[in-house]
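Novice: Input file: coords-v6.txt. Contents: compact mmCIF, N, CA and C atoms.
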```
# COMPACT_ATOMS: atom_id res chain seq x y z
N MET E 300 9.17 19.30 -12.79
CA MET E 300 8.09 18.48 -12.30
C MET E 300 6.82 18.87 -13.06
N ARG E 301 6.07 17.86 -13.40
CA ARG E 301 4.79 18.09 -14.08
C ARG E 301 3.68 17.51 -13.21
N VAL E 302 2.70 18.33 -12.88
CA VAL E 302 1.58 17.89 -12.06
C VAL E 302 0.43 17.50 -12.98
N VAL E 303 -0.13 16.34 -12.74
CA VAL E 303 -1.25 15.84 -13.52
C VAL E 303 -2.37 15.52 -12.54
N VAL E 304 -3.53 16.03 -12.78
CA VAL E 304 -4.69 15.75 -11.95
C VAL E 304 -5.58 14.77 -12.70
N GLY E 305 -5.93 13.68 -12.05
CA GLY E 305 -6.79 12.70 -12.71
C GLY E 305 -6.89 11.42 -11.92
N ASP E 306 -7.69 10.54 -12.41
CA ASP E 306 -7.87 9.23 -11.81
C ASP E 306 -6.63 8.39 -12.13
N GLY E 307 -5.99 7.85 -11.10
CA GLY E 307 -4.77 7.06 -11.28
C GLY E 307 -4.95 5.83 -12.15
N ARG E 308 -6.19 5.44 -12.38
CA ARG E 308 -6.45 4.27 -13.21
C ARG E 308 -6.50 4.61 -14.69
N GLY E 309 -6.52 5.91 -15.02
CA GLY E 309 -6.65 6.30 -16.42
C GLY E 309 -5.75 7.45 -16.81
N LEU E 310 -4.50 7.37 -16.44
CA LEU E 310 -3.55 8.44 -16.77
C LEU E 310 -3.17 8.36 -18.25
N PRO E 311 -2.71 9.48 -18.81
CA PRO E 311 -2.29 9.48 -20.21
C PRO E 311 -1.16 8.47 -20.46
N PRO E 312 -1.17 7.79 -21.60
CA PRO E 312 -0.15 6.78 -21.91
C PRO E 312 1.28 7.32 -21.88
N ALA E 313 1.45 8.61 -22.13
CA ALA E 313 2.80 9.19 -22.14
C ALA E 313 3.45 9.18 -20.76
N LEU E 314 2.65 9.04 -19.71
CA LEU E 314 3.21 8.99 -18.36
C LEU E 314 3.62 7.56 -18.06
N ALA E 315 4.87 7.25 -18.40
CA ALA E 315 5.38 5.89 -18.21
C ALA E 315 6.90 5.93 -18.06
N GLY E 316 7.48 4.81 -17.66
CA GLY E 316 8.93 4.71 -17.54
C GLY E 316 9.48 5.30 -16.26
N PHE E 317 8.68 5.39 -15.21
CA PHE E 317 9.15 5.96 -13.96
C PHE E 317 10.03 4.98 -13.21
N ASP E 318 10.98 5.51 -12.43
CA ASP E 318 11.84 4.67 -11.60
C ASP E 318 11.10 4.16 -10.38
N ARG E 319 10.19 5.00 -9.86
CA ARG E 319 9.46 4.67 -8.64
C ARG E 319 8.04 5.19 -8.71
N ALA E 320 7.16 4.49 -7.99
CA ALA E 320 5.78 4.96 -7.85
C ALA E 320 5.29 4.61 -6.45
N LEU E 321 4.50 5.48 -5.89
CA LEU E 321 3.88 5.27 -4.59
C LEU E 321 2.38 5.22 -4.78
N VAL E 322 1.77 4.14 -4.33
CA VAL E 322 0.32 4.03 -4.33
C VAL E 322 -0.11 4.09 -2.86
N ASP E 323 -0.56 5.24 -2.44
CA ASP E 323 -1.11 5.44 -1.10
C ASP E 323 -2.62 5.38 -1.31
N ALA E 324 -3.13 4.16 -1.34
CA ALA E 324 -4.49 3.91 -1.80
C ALA E 324 -5.55 4.32 -0.78
N PRO E 325 -6.70 4.76 -1.28
CA PRO E 325 -7.83 4.99 -0.38
C PRO E 325 -8.22 3.65 0.24
N CYS E 326 -8.67 3.68 1.49
CA CYS E 326 -8.97 2.44 2.18
C CYS E 326 -10.03 2.66 3.25
N SER E 327 -10.30 1.61 3.99
CA SER E 327 -11.30 1.70 5.06
C SER E 327 -10.86 2.63 6.19
N GLY E 328 -9.56 2.84 6.34
CA GLY E 328 -9.04 3.73 7.37
C GLY E 328 -9.03 3.12 8.76
N LEU E 329 -9.16 1.82 8.86
CA LEU E 329 -9.22 1.18 10.18
C LEU E 329 -7.95 1.37 11.01
N GLY E 330 -6.87 1.76 10.38
CA GLY E 330 -5.64 2.02 11.12
C GLY E 330 -5.62 3.38 11.81
N VAL E 331 -6.54 4.24 11.45
CA VAL E 331 -6.59 5.58 12.06
C VAL E 331 -7.87 5.79 12.87
N VAL E 332 -8.51 4.70 13.24
CA VAL E 332 -9.78 4.80 13.96
C VAL E 332 -9.61 5.50 15.32
N ASN E 333 -8.39 5.47 15.88
CA ASN E 333 -8.15 6.16 17.15
C ASN E 333 -8.31 7.67 17.02
N SER E 334 -8.04 8.22 15.85
CA SER E 334 -8.23 9.66 15.65
C SER E 334 -9.49 9.97 14.84
N ARG E 335 -10.13 8.93 14.30
CA ARG E 335 -11.37 9.10 13.53
C ARG E 335 -12.38 8.04 13.97
N PRO E 336 -12.90 8.15 15.19
CA PRO E 336 -13.79 7.10 15.71
C PRO E 336 -15.04 6.87 14.88
N ASP E 337 -15.45 7.84 14.09
CA ASP E 337 -16.63 7.69 13.23
C ASP E 337 -16.43 6.60 12.18
N LEU E 338 -15.18 6.29 11.84
CA LEU E 338 -14.89 5.25 10.85
C LEU E 338 -15.35 3.87 11.32
N ARG E 339 -15.45 3.72 12.61
CA ARG E 339 -15.88 2.44 13.17
C ARG E 339 -17.20 1.98 12.55
N TRP E 340 -18.06 2.93 12.21
CA TRP E 340 -19.37 2.60 11.67
C TRP E 340 -19.49 2.85 10.18
N ARG E 341 -18.51 3.53 9.60
CA ARG E 341 -18.59 3.88 8.18
C ARG E 341 -17.52 3.23 7.32
N ALA E 342 -16.57 2.53 7.92
CA ALA E 342 -15.44 1.98 7.19
C ALA E 342 -15.88 0.92 6.18
N LEU E 343 -15.45 1.10 4.95
CA LEU E 343 -15.73 0.13 3.90
C LEU E 343 -14.42 -0.25 3.21
N PRO E 344 -14.11 -1.53 3.13
CA PRO E 344 -12.93 -1.95 2.37
C PRO E 344 -13.12 -1.60 0.89
N LEU E 345 -12.04 -1.29 0.22
CA LEU E 345 -12.07 -0.89 -1.19
C LEU E 345 -11.12 -1.75 -2.03
N PRO E 346 -11.17 -3.07 -1.91
CA PRO E 346 -10.17 -3.91 -2.58
C PRO E 346 -10.16 -3.79 -4.10
N LYS E 347 -11.31 -3.65 -4.73
CA LYS E 347 -11.33 -3.55 -6.19
C LYS E 347 -10.59 -2.30 -6.66
N LEU E 348 -10.89 -1.16 -6.05
CA LEU E 348 -10.23 0.10 -6.39
C LEU E 348 -8.74 0.03 -6.07
N GLN E 349 -8.38 -0.52 -4.93
CA GLN E 349 -6.98 -0.62 -4.53
C GLN E 349 -6.17 -1.45 -5.53
N LEU E 350 -6.71 -2.57 -5.93
CA LEU E 350 -6.01 -3.43 -6.90
C LEU E 350 -5.89 -2.72 -8.25
N GLU E 351 -6.93 -2.04 -8.68
CA GLU E 351 -6.88 -1.32 -9.95
C GLU E 351 -5.81 -0.22 -9.92
N LEU E 352 -5.72 0.50 -8.82
CA LEU E 352 -4.70 1.56 -8.69
C LEU E 352 -3.30 0.97 -8.67
N LEU E 353 -3.12 -0.13 -7.96
CA LEU E 353 -1.80 -0.77 -7.90
C LEU E 353 -1.39 -1.28 -9.28
N GLN E 354 -2.30 -1.92 -9.99
CA GLN E 354 -1.99 -2.43 -11.33
C GLN E 354 -1.68 -1.29 -12.29
N ALA E 355 -2.45 -0.21 -12.22
CA ALA E 355 -2.22 0.93 -13.10
C ALA E 355 -0.84 1.55 -12.84
N ALA E 356 -0.48 1.70 -11.58
CA ALA E 356 0.83 2.27 -11.24
C ALA E 356 1.95 1.35 -11.70
N ALA E 357 1.76 0.04 -11.55
CA ALA E 357 2.79 -0.92 -11.96
C ALA E 357 3.08 -0.81 -13.45
N GLN E 358 2.09 -0.49 -14.23
CA GLN E 358 2.28 -0.35 -15.68
C GLN E 358 3.08 0.90 -16.02
N ARG E 359 3.20 1.83 -15.10
CA ARG E 359 3.92 3.10 -15.34
C ARG E 359 5.37 3.05 -14.91
N VAL E 360 5.76 1.99 -14.19
CA VAL E 360 7.12 1.89 -13.67
C VAL E 360 7.96 1.02 -14.61
N ARG E 361 9.17 1.49 -14.90
CA ARG E 361 10.07 0.76 -15.80
C ARG E 361 10.48 -0.56 -15.17
N PRO E 362 10.84 -1.55 -15.98
CA PRO E 362 11.33 -2.82 -15.45
C PRO E 362 12.52 -2.59 -14.51
N GLY E 363 12.47 -3.23 -13.36
CA GLY E 363 13.51 -3.05 -12.35
C GLY E 363 13.23 -1.90 -11.40
N GLY E 364 12.20 -1.12 -11.69
CA GLY E 364 11.83 0.00 -10.83
C GLY E 364 11.12 -0.48 -9.57
N THR E 365 10.79 0.46 -8.73
CA THR E 365 10.20 0.16 -7.43
C THR E 365 8.79 0.71 -7.34
N LEU E 366 7.92 -0.09 -6.76
CA LEU E 366 6.53 0.29 -6.54
C LEU E 366 6.22 0.07 -5.07
N VAL E 367 5.76 1.11 -4.38
CA VAL E 367 5.40 0.99 -2.97
C VAL E 367 3.89 1.12 -2.86
N TYR E 368 3.29 0.19 -2.13
CA TYR E 368 1.85 0.18 -1.90
C TYR E 368 1.62 0.35 -0.40
N SER E 369 0.80 1.34 -0.03
CA SER E 369 0.52 1.54 1.39
C SER E 369 -0.95 1.89 1.59
N VAL E 370 -1.45 1.50 2.75
CA VAL E 370 -2.80 1.83 3.16
C VAL E 370 -2.81 2.08 4.66
N CYS E 371 -3.71 2.95 5.11
CA CYS E 371 -3.80 3.27 6.54
C CYS E 371 -4.85 2.38 7.21
N THR E 372 -4.65 1.10 7.04
CA THR E 372 -5.52 0.11 7.66
C THR E 372 -4.71 -1.11 8.04
N ILE E 373 -5.23 -1.89 8.96
CA ILE E 373 -4.59 -3.15 9.33
C ILE E 373 -5.42 -4.33 8.82
N ASN E 374 -6.38 -4.04 7.98
CA ASN E 374 -7.25 -5.04 7.37
C ASN E 374 -6.47 -5.79 6.29
N ALA E 375 -6.26 -7.09 6.50
CA ALA E 375 -5.48 -7.90 5.55
C ALA E 375 -6.10 -7.92 4.16
N GLU E 376 -7.41 -7.78 4.07
CA GLU E 376 -8.10 -7.77 2.78
C GLU E 376 -7.67 -6.56 1.93
N GLU E 377 -7.21 -5.50 2.59
CA GLU E 377 -6.79 -4.30 1.87
C GLU E 377 -5.27 -4.17 1.79
N GLY E 378 -4.56 -5.03 2.46
CA GLY E 378 -3.10 -4.99 2.45
C GLY E 378 -2.51 -6.19 1.76
N GLU E 379 -2.26 -7.23 2.53
CA GLU E 379 -1.61 -8.43 2.01
C GLU E 379 -2.36 -9.02 0.82
N ALA E 380 -3.68 -9.08 0.92
CA ALA E 380 -4.47 -9.70 -0.15
C ALA E 380 -4.37 -8.93 -1.46
N ILE E 381 -4.26 -7.62 -1.40
CA ILE E 381 -4.14 -6.81 -2.62
C ILE E 381 -2.79 -7.08 -3.28
N VAL E 382 -1.74 -7.10 -2.48
CA VAL E 382 -0.40 -7.38 -3.03
C VAL E 382 -0.37 -8.78 -3.64
N ASP E 383 -0.93 -9.75 -2.95
CA ASP E 383 -0.96 -11.12 -3.47
C ASP E 383 -1.75 -11.18 -4.78
N ALA E 384 -2.90 -10.51 -4.81
CA ALA E 384 -3.75 -10.53 -6.01
C ALA E 384 -3.10 -9.83 -7.19
N SER E 385 -2.18 -8.91 -6.92
CA SER E 385 -1.54 -8.16 -8.00
C SER E 385 -0.62 -9.05 -8.83
N GLY E 386 -0.12 -10.12 -8.23
CA GLY E 386 0.80 -10.99 -8.94
C GLY E 386 2.18 -10.39 -9.13
N ARG E 387 2.44 -9.28 -8.50
CA ARG E 387 3.73 -8.59 -8.65
C ARG E 387 4.77 -9.19 -7.71
N GLU E 388 6.03 -9.06 -8.10
CA GLU E 388 7.13 -9.57 -7.29
C GLU E 388 7.35 -8.67 -6.08
N VAL E 389 7.37 -9.28 -4.90
CA VAL E 389 7.57 -8.55 -3.65
C VAL E 389 9.06 -8.43 -3.36
N ASP E 390 9.49 -7.24 -2.97
CA ASP E 390 10.87 -7.04 -2.52
C ASP E 390 10.95 -7.57 -1.09
N LEU E 391 11.64 -8.68 -0.91
CA LEU E 391 11.68 -9.36 0.37
C LEU E 391 12.56 -8.68 1.41
N THR E 392 13.27 -7.61 1.04
CA THR E 392 14.20 -6.97 1.96
C THR E 392 13.60 -5.83 2.79
N LEU E 393 12.36 -5.45 2.50
CA LEU E 393 11.77 -4.30 3.20
C LEU E 393 11.73 -4.51 4.71
N GLY E 394 11.27 -5.67 5.15
CA GLY E 394 11.21 -5.96 6.58
C GLY E 394 12.56 -5.95 7.24
N ASP E 395 13.61 -6.33 6.51
CA ASP E 395 14.98 -6.31 7.05
C ASP E 395 15.46 -4.88 7.26
N GLU E 396 15.02 -3.98 6.40
CA GLU E 396 15.43 -2.58 6.51
C GLU E 396 14.73 -1.87 7.67
N TRP E 397 13.54 -2.31 8.00
CA TRP E 397 12.73 -1.69 9.05
C TRP E 397 12.25 -2.76 10.03
N PRO E 398 13.15 -3.46 10.71
CA PRO E 398 12.76 -4.61 11.52
C PRO E 398 11.75 -4.29 12.63
N ARG E 399 11.78 -3.09 13.13
CA ARG E 399 10.83 -2.71 14.20
C ARG E 399 9.38 -2.77 13.71
N PHE E 400 9.20 -2.57 12.41
CA PHE E 400 7.86 -2.52 11.84
C PHE E 400 7.54 -3.74 10.98
N ARG E 401 8.37 -4.76 11.05
CA ARG E 401 8.15 -5.98 10.25
C ARG E 401 6.80 -6.59 10.61
N HIS E 402 6.05 -6.93 9.58
CA HIS E 402 4.74 -7.55 9.74
C HIS E 402 4.90 -8.88 10.47
N ALA E 403 4.06 -9.14 11.45
CA ALA E 403 4.20 -10.34 12.28
C ALA E 403 4.01 -11.64 11.49
N ARG E 404 3.06 -11.68 10.57
CA ARG E 404 2.78 -12.91 9.81
C ARG E 404 3.48 -12.95 8.46
N ARG E 405 3.77 -11.78 7.91
CA ARG E 405 4.36 -11.70 6.57
C ARG E 405 5.59 -10.77 6.66
N PRO E 406 6.75 -11.28 7.04
CA PRO E 406 7.92 -10.45 7.32
C PRO E 406 8.45 -9.67 6.13
N GLU E 407 7.96 -9.94 4.93
CA GLU E 407 8.38 -9.17 3.76
C GLU E 407 7.65 -7.83 3.68
N PHE E 408 6.65 -7.62 4.53
CA PHE E 408 5.88 -6.38 4.57
C PHE E 408 6.12 -5.65 5.87
N LEU E 409 5.66 -4.40 5.92
CA LEU E 409 5.68 -3.62 7.16
C LEU E 409 4.25 -3.43 7.64
N GLN E 410 4.11 -3.35 8.96
CA GLN E 410 2.81 -3.03 9.53
C GLN E 410 3.05 -2.31 10.85
N THR E 411 2.41 -1.17 10.99
CA THR E 411 2.45 -0.47 12.27
C THR E 411 1.12 -0.69 12.96
N LEU E 412 1.20 -0.81 14.29
CA LEU E 412 0.01 -1.05 15.10
C LEU E 412 -0.04 -0.03 16.23
N PRO E 413 -1.18 0.60 16.42
CA PRO E 413 -1.27 1.65 17.45
C PRO E 413 -0.83 1.19 18.84
N HIS E 414 -1.24 0.01 19.25
CA HIS E 414 -0.93 -0.46 20.60
C HIS E 414 0.51 -0.94 20.76
N VAL E 415 1.21 -1.15 19.65
CA VAL E 415 2.60 -1.61 19.70
C VAL E 415 3.57 -0.46 19.42
N HIS E 416 3.28 0.33 18.39
CA HIS E 416 4.22 1.35 17.91
C HIS E 416 3.84 2.77 18.32
N GLY E 417 2.69 2.95 18.94
CA GLY E 417 2.27 4.29 19.35
C GLY E 417 1.98 5.20 18.17
N THR E 418 1.54 4.62 17.08
CA THR E 418 1.23 5.38 15.88
C THR E 418 -0.04 4.81 15.26
N ALA E 419 -0.45 5.32 14.14
CA ALA E 419 -1.60 4.77 13.44
C ALA E 419 -1.24 3.40 12.86
N GLY E 420 -2.25 2.66 12.45
CA GLY E 420 -2.03 1.35 11.84
C GLY E 420 -1.88 1.48 10.34
N PHE E 421 -0.74 1.03 9.84
CA PHE E 421 -0.45 1.11 8.40
C PHE E 421 0.06 -0.23 7.90
N PHE E 422 -0.10 -0.44 6.62
CA PHE E 422 0.47 -1.57 5.91
C PHE E 422 1.30 -1.02 4.76
N VAL E 423 2.50 -1.56 4.54
CA VAL E 423 3.38 -1.11 3.47
C VAL E 423 4.04 -2.31 2.81
N ALA E 424 4.03 -2.31 1.49
CA ALA E 424 4.74 -3.34 0.72
C ALA E 424 5.57 -2.66 -0.36
N ARG E 425 6.71 -3.25 -0.66
CA ARG E 425 7.54 -2.75 -1.75
C ARG E 425 7.65 -3.84 -2.82
N LEU E 426 7.33 -3.46 -4.03
CA LEU E 426 7.30 -4.41 -5.14
C LEU E 426 8.34 -4.03 -6.18
N ILE E 427 8.76 -5.01 -6.95
CA ILE E 427 9.74 -4.79 -8.00
C ILE E 427 9.01 -4.91 -9.34
N ALA E 428 9.12 -3.89 -10.15
CA ALA E 428 8.46 -3.90 -11.46
C ALA E 428 9.23 -4.81 -12.41
N ARG E 429 8.51 -5.59 -13.16
CA ARG E 429 9.11 -6.48 -14.16
C ARG E 429 8.49 -6.24 -15.50
```
Please lay out the structure from this file as structure tokens.

Specialist:
Amino acid sequence: MRVVVGDGRGLPPALAGFDRALVDAPCSGLGVVNSRPDLRWRALPLPKLQLELLQAAAQRVRPGGTLVYSVCTINAEEGEAIVDASGREVDLTLGDEWPRFRHARRPEFLQTLPHVHGTAGFFVARLIAR
């Protein structure tokens, strides 16, 4: 294993051809407001940064590889909208694998909700690299 410290948007070109990548992007944190009530007044969506990180990671994954995008928010602007804006192919089977957490409006994604699942609010999408 090789550890690289740096901005995910500007990694060395030699870091490529991965089978899988996880983008656990910084976000407003609205899904964890129950444990961080201060976020209620400080939460800022970060869609530009989130999309840049997702696009950069997608360039590092080999064709046919898997890219997972997750954020600890239930804000659609930071979840569904980022995946849609990426133009990447969505793996439609994720919701089938985790039906308990299937997103109510977009069944190809996962979403956890504090009042439903007894956990923090998260959004998860799985994409296929092409």

Novice: Neighbours of range 328-330 of chain E within 6.5 Å (all atoms listed in the file; same-chain residues fewer than 6 positions away dropped), as a PDB file with N, CA and C atoms, keeping the file's coordinate frame?

Specialist:
```
ATOM      1  N   ALA E 342     -16.570   2.530   7.920  1.00  0.00           N
ATOM      2  CA  ALA E 342     -15.440   1.980   7.190  1.00  0.00           C
ATOM      3  C   ALA E 342     -15.880   0.920   6.180  1.00  0.00           C
ATOM      4  N   LEU E 343     -15.450   1.100   4.950  1.00  0.00           N
ATOM      5  CA  LEU E 343     -15.730   0.130   3.900  1.00  0.00           C
ATOM      6  C   LEU E 343     -14.420  -0.250   3.210  1.00  0.00           C
ATOM      7  N   CYS E 371      -3.710   2.950   5.110  1.00  0.00           N
ATOM      8  CA  CYS E 371      -3.800   3.270   6.540  1.00  0.00           C
ATOM      9  C   CYS E 371      -4.850   2.380   7.210  1.00  0.00           C
ATOM     10  N   THR E 372      -4.650   1.100   7.040  1.00  0.00           N
ATOM     11  CA  THR E 372      -5.520   0.110   7.660  1.00  0.00           C
ATOM     12  C   THR E 372      -4.710  -1.110   8.040  1.00  0.00           C
ATOM     13  N   ILE E 373      -5.230  -1.890   8.960  1.00  0.00           N
ATOM     14  CA  ILE E 373      -4.590  -3.150   9.330  1.00  0.00           C
ATOM     15  C   ILE E 373      -5.420  -4.330   8.820  1.00  0.00           C
ATOM     16  N   ASN E 374      -6.380  -4.040   7.980  1.00  0.00           N
ATOM     17  CA  ASN E 374      -7.250  -5.040   7.370  1.00  0.00           C
ATOM     18  C   ASN E 374      -6.470  -5.790   6.290  1.00  0.00           C
ATOM     19  N   ALA E 419      -0.450   5.320  14.140  1.00  0.00           N
ATOM     20  CA  ALA E 419      -1.600   4.770  13.440  1.00  0.00           C
ATOM     21  C   ALA E 419      -1.240   3.400  12.860  1.00  0.00           C
ATOM     22  N   GLY E 420      -2.250   2.660  12.450  1.00  0.00           N
ATOM     23  CA  GLY E 420      -2.030   1.350  11.840  1.00  0.00           C
ATOM     24  C   GLY E 420      -1.880   1.480  10.340  1.00  0.00           C
ATOM     25  N   PHE E 421      -0.740   1.030   9.840  1.00  0.00           N
ATOM     26  CA  PHE E 421      -0.450   1.110   8.400  1.00  0.00           C
ATOM     27  C   PHE E 421       0.060  -0.230   7.900  1.00  0.00           C
TER      28      PHE E 421
END
```

Novice: Taking 3 positions as the minimum chain separation for residues in the same chain, which residues sit within 6.5 Å of range 358-366 of chain E when counting all atoms listed in the file? Answer as a list of chain:residue names.

Specialist: E:Leu314, E:Ala315, E:Gly316, E:Phe317, E:Asp318, E:Arg319, E:Ala320, E:Leu321, E:Val322, E:Leu353, E:Gln354, E:Ala355, E:Ala424, E:Arg425, E:Leu426, E:Ile427, E:Ala428, E:Arg429

Novice: So how far away is CA of Pro413 in chain E from CA of Ser334 in chain E, in Å?

Specialist: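 Pair CA of Ser334 in chain E / CA of Pro413 in chain E returns 10.8 Å.
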
Novice: For CA of Tyr368 in chain E and atom N of Gly394 in chain E, determine how far apart the two atoms are, in Å to one decimal place.

Specialist: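 That distance, rounded to one decimal, is 13.1 Å.
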
Novice: List the spatial neighbours of Thr392 in chain E as a list of chain:residue names - criterion: any atom at most 8 Å away, only N, CA and C atoms, same-chain residues fewer than 2 positions off excluded.

Specialist: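 Surrounding residues, per the criterion: E:Val389, E:Asp390, E:Gly394, E:Asp395, E:Glu396, E:Trp397, E:Pro406, E:Glu407, E:Phe408, E:Arg425.
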
Novice: Got a sec to tell me which of chain E DSSP assigns to strand (DSSP E), as an MDAnalysis selection string?

Specialist: chainID E and resid 317:323 360:370 388:389 409:411 421:427

Novice: In Å, how far is it from CA of Glu376 in chain E to atom N of Asp323 in chain E?

Specialist: 15.9 Å

Novice: Between E:Pro346, E:Pro336, E:Pro398, E:Gly307, which residue has the minimum interatomic distance to Val382 in chain E, considering only C-alpha atoms?

Specialist: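 Using only C-alpha atoms, Val382 in chain E sits closest to E:Pro346.
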
Novice: Counting only N, CA and C atoms, which of E:Pro325, E:Gly386, E:Pro312, E:Gly305 gets nearest to Pro344 in chain E?

Specialist: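 Distance minimum relative to Pro344 in chain E lands on E:Pro325.
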
Novice: Around range 358-367 of chain E, fit a box with edges along x, y and z, padding it by 8 Å on each side, then list its centre and edge lengths in Å to one decimal as JSON.

Specialist:
```
{"center_x": 7.8, "center_y": -0.1, "center_z": -9.4, "size_x": 27.4, "size_y": 22.3, "size_z": 29.2}
```
